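This report concerns only the one structure given below.
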Amino acid sequence: MNFFNIIHKDKNSQARAGILHTEHGDIETPIFMPVGTQATVKSLDPVDLENINAQIILANTYHLHLRPGEDLIADYQGLHKFMNWSRPILTDSGGFQVFSLGQGNEGVQGRLVNIDDDGVTFTSHIDGSKHRFTPESAIDIQHKLGADIIMAFDECTPDNAEEKYVKEAMERTHAWAKRSLDAHNKNTAYHGYKQFLFGIIQGANYKELREESARAISKLDFDGIAIGGESVGYNMEATKEILDWVNPIIPENKPHYTMGVGFSPMDLFEVVERGVDMFDCVAPTRIARNGTLFNKKAGAENKYRLNINNAQYRNDKNPIDSDCKCSTCQNYSRAYIHHLFDAKELLGYKLATVHNLYFFLDLMRQIREAIKEDRFLELKKEWK
RNA sequence: GUGGUCAUGGUAUAAUGGUUAUUACUUCGGCUUGUGGAGCCGAAAAUACGGGUUCAAUUCCCGUUGGCCACC
């Protein structure tokens, strides 16, 4: 059986519907993947995730290496058993954390990060201890964690970096891609089942570099192709442009994954329209914990969302979204959720996260149905 | 009752005889993108009351009211 089967290609765009086959179940694509960095989607447990029809979740190599450590998780036969999640998991390699938690970045200051051609030395954001990742060690850690889909170790460059440095980093990422693949091929079934490895295209916002990176990653024997970078997701105009550059180059029959996409409903349409099968983003869960909740009637001008903290919801008997079928909208009023946030009660985080993820995953379901019926662009128009 | 002391946004506070009176919390909006239950940005909101001195008083003086402390 192939890892990835395309079931239907939309007649009016590059959108396609497909299925990813893994040991822990099939994944219908295109799909949004909730982020559960530390082996938990914050505030939810696996029963909640199944109830909202999550098909696959993410976890992170960097965070789990530092705490509790891959050897401990391997002791529990991998992440699935450790966290009691029986469906597919994808682990990010930790390459992005070198960038996002790196020196000079907003949010986490003063982290020591030294990049050389062999790997990266960095200090822990938890206790300042020194650590080192190489392509080989990042793969080894991911084997022990046991995710169904794992990622090559890459270097993500800032978009404002000069072309010379971006080119160096990109070439390093290509060399690391080969080394990740070699390390992976020595042991593709650490826990007794096959893990699939994706390569990552870099090159920031330089057309020639993106094309070169797309060629380099495409010719390697990866199971899937990811598109990374600071702009991807964060700057949708740039993201669309990058996808238009690399799409003619990357193999059509492999799954395409844009890393960090899924801030607003329209973002989902934009990348699916350009042939993307998988994407993840912390936004739906993070903004949920701050009280920002998806609502279709709020309209495109409000990014289809409302802030439940606002005073206007203090005594509002309606659900967050009257068309939503999630357990939060079926059972709770805006007034109650407003109160939970006002009082900083833990249940508020859970109810909000359930709603935002359900909203996104149900929209993905609608998108898949629309693709199969060649009306993807019509559905997109409803949300424009 | 006598003496002392204090009175600044809703709460707690800083400062000053002279542009727009400080800060925190609260309140009201916003930001959030391969995770950050955090953080950040913006807005609203005050010199107890009455009189006096002065070019100018939230500041100095007197009184009123109220709080606190001590004494009888």
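In the structure tokens, the first chain shown is A, the next is B, and so on; residue numbers restart at 1 for each chain, and ligands run from 1 in the order shown.
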
Kindly provide, as a count of residues only, the residues of chain A having any atom no farther than 9 Å from an atom of chain B, counting only C-alpha atoms (C1' of nucleotides). 39

Check the DSSP output for the backbone and give back, as a PyMOL selection string, the residues of range 37-104 of chain A in strand (DSSP E or B). chain A and resi 37+40+57-60+89-92

Skipping near chain neighbours, those fewer than 2 positions away, what residues fall within 12 Å of G1 in chain B using only C-alpha atoms (C1' of nucleotides), listed as a VMD selection string? chain B and resid 3 71 to 72

Atoms to include: N, CA and C atoms (P, O5', C5', C4', C3', O3' and C1' of nucleotides). Write the selected residues as a JSON list (two decimals), in the first residue's frame.
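Result went into selection06.json, see below:
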[["chain", "number", "residue", "atom", "x", "y", "z"],
["B", 3, "G", "P", -6.87, 70.27, 71.43],
["B", 3, "G", "O5'", -5.61, 69.33, 71.22],
["B", 3, "G", "C5'", -4.40, 69.56, 71.95],
["B", 3, "G", "C4'", -3.42, 68.43, 71.71],
["B", 3, "G", "C3'", -3.07, 68.14, 70.26],
["B", 3, "G", "O3'", -2.11, 69.04, 69.74],
["B", 3, "G", "C1'", -3.53, 66.11, 71.36],
["B", 71, "C", "P", -2.32, 55.13, 75.40],
["B", 71, "C", "O5'", -2.77, 56.48, 76.11],
["B", 71, "C", "C5'", -1.80, 57.36, 76.68],
["B", 71, "C", "C4'", -2.44, 58.69, 77.05],
["B", 71, "C", "C3'", -3.62, 58.59, 78.00],
["B", 71, "C", "O3'", -3.22, 58.47, 79.35],
["B", 71, "C", "C1'", -4.16, 60.04, 76.20],
["B", 72, "C", "P", -4.20, 57.75, 80.47],
["B", 72, "C", "O5'", -5.43, 58.76, 80.65],
["B", 72, "C", "C5'", -5.20, 60.03, 81.27],
["B", 72, "C", "C4'", -6.47, 60.87, 81.15],
["B", 72, "C", "C3'", -7.67, 60.27, 81.88],
["B", 72, "C", "O3'", -7.72, 60.76, 83.22],
["B", 72, "C", "C1'", -8.28, 61.02, 79.68]]

Can you tell me, as a ChimeraX atom specification, what residues are no more than 10 Å from Glu373 in chain A when counting only C-alpha atoms (C1' of nucleotides), ignoring any on the same chain fewer than 2 positions away? /A:8-11,367-371,375-376

Write a file of the just-selected residues containing N, CA and C atoms, as a compact mmCIF listing (two decimals), in the first residue's frame.
# COMPACT_ATOMS: atom_id res chain seq x y z
N HIS A 8 -8.83 12.44 -5.35
CA HIS A 8 -9.47 13.30 -6.34
C HIS A 8 -8.74 14.64 -6.45
N LYS A 9 -8.57 15.08 -7.69
CA LYS A 9 -7.98 16.41 -7.91
C LYS A 9 -9.09 17.36 -8.34
N ASP A 10 -9.14 18.51 -7.68
CA ASP A 10 -10.13 19.52 -8.02
C ASP A 10 -9.90 20.00 -9.45
N LYS A 11 -10.99 20.17 -10.20
CA LYS A 11 -10.85 20.53 -11.62
C LYS A 11 -10.46 21.99 -11.81
N ILE A 367 -14.00 21.24 3.31
CA ILE A 367 -13.10 21.47 2.19
C ILE A 367 -12.85 20.16 1.43
N ARG A 368 -12.63 19.08 2.18
CA ARG A 368 -12.39 17.79 1.51
C ARG A 368 -13.60 17.37 0.67
N GLU A 369 -14.79 17.55 1.24
CA GLU A 369 -16.01 17.20 0.50
C GLU A 369 -16.13 18.04 -0.76
N ALA A 370 -15.83 19.32 -0.61
CA ALA A 370 -15.95 20.23 -1.75
C ALA A 370 -14.97 19.85 -2.85
N ILE A 371 -13.75 19.47 -2.47
CA ILE A 371 -12.76 19.07 -3.48
C ILE A 371 -13.27 17.86 -4.27
N ARG A 375 -16.09 21.60 -6.22
CA ARG A 375 -16.65 22.92 -5.89
C ARG A 375 -15.84 23.61 -4.80
N PHE A 376 -14.52 23.32 -4.80
CA PHE A 376 -13.65 23.93 -3.80
C PHE A 376 -13.68 25.45 -3.86

All helix (DSSP H, G or I) positions in range 264-294 of chain A, as a list in words: Pro265, Met266, Asp267, Leu268, Phe269, Glu270, Val271, Val272, Glu273, Ala283, Pro284, Thr285, Arg286, Ile287, Ala288 and Arg289 of chain A

Let me make sure I understand: among A:Cys156, A:Ile149, A:Pro68, A:Ile141, which one has the smallest atom-to-atom distance to Ser100 in chain A if we use only C-alpha atoms? A:Cys156

Pick from A:Gly128, A:Gly78, A:Gly275, A:Pro158, whichever lies nearest to His143 in chain A using only C-alpha atoms: A:Gly78

Write out as a PyMOL selection string each polymer residue whose atoms come within 8 Å of Phe196 in chain A, counting only C-alpha atoms (C1' of nucleotides); drop sequence neighbours fewer than 3 positions from it. chain A and resi 148-150+188+222-224

Could you write out the selected residues, including N, CA and C atoms, as a short mmCIF file (atom, residue, chain, number, x, y, z; two decimals), in the first residue's frame?
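To be explicit, this is the file written out as part.cif:
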data_model
loop_
_atom_site.label_atom_id
_atom_site.label_comp_id
_atom_site.auth_asym_id
_atom_site.auth_seq_id
_atom_site.Cartn_x
_atom_site.Cartn_y
_atom_site.Cartn_z
N ASP A 148 4.54 8.73 13.80
CA ASP A 148 4.31 8.11 12.51
C ASP A 148 5.01 8.88 11.39
N ILE A 149 5.08 10.20 11.56
CA ILE A 149 5.75 11.04 10.58
C ILE A 149 6.79 11.86 11.32
N ILE A 150 8.02 11.85 10.83
CA ILE A 150 9.09 12.61 11.47
C ILE A 150 9.72 13.56 10.45
N THR A 188 14.26 2.23 10.32
CA THR A 188 12.99 2.91 10.05
C THR A 188 11.85 2.40 10.91
N PHE A 222 12.53 11.23 0.18
CA PHE A 222 11.66 11.52 1.33
C PHE A 222 10.25 11.00 1.07
N ASP A 223 9.50 10.75 2.15
CA ASP A 223 8.11 10.30 2.02
C ASP A 223 7.16 11.47 1.80
N GLY A 224 7.62 12.67 2.16
CA GLY A 224 6.78 13.85 1.98
C GLY A 224 7.66 15.08 1.90
#
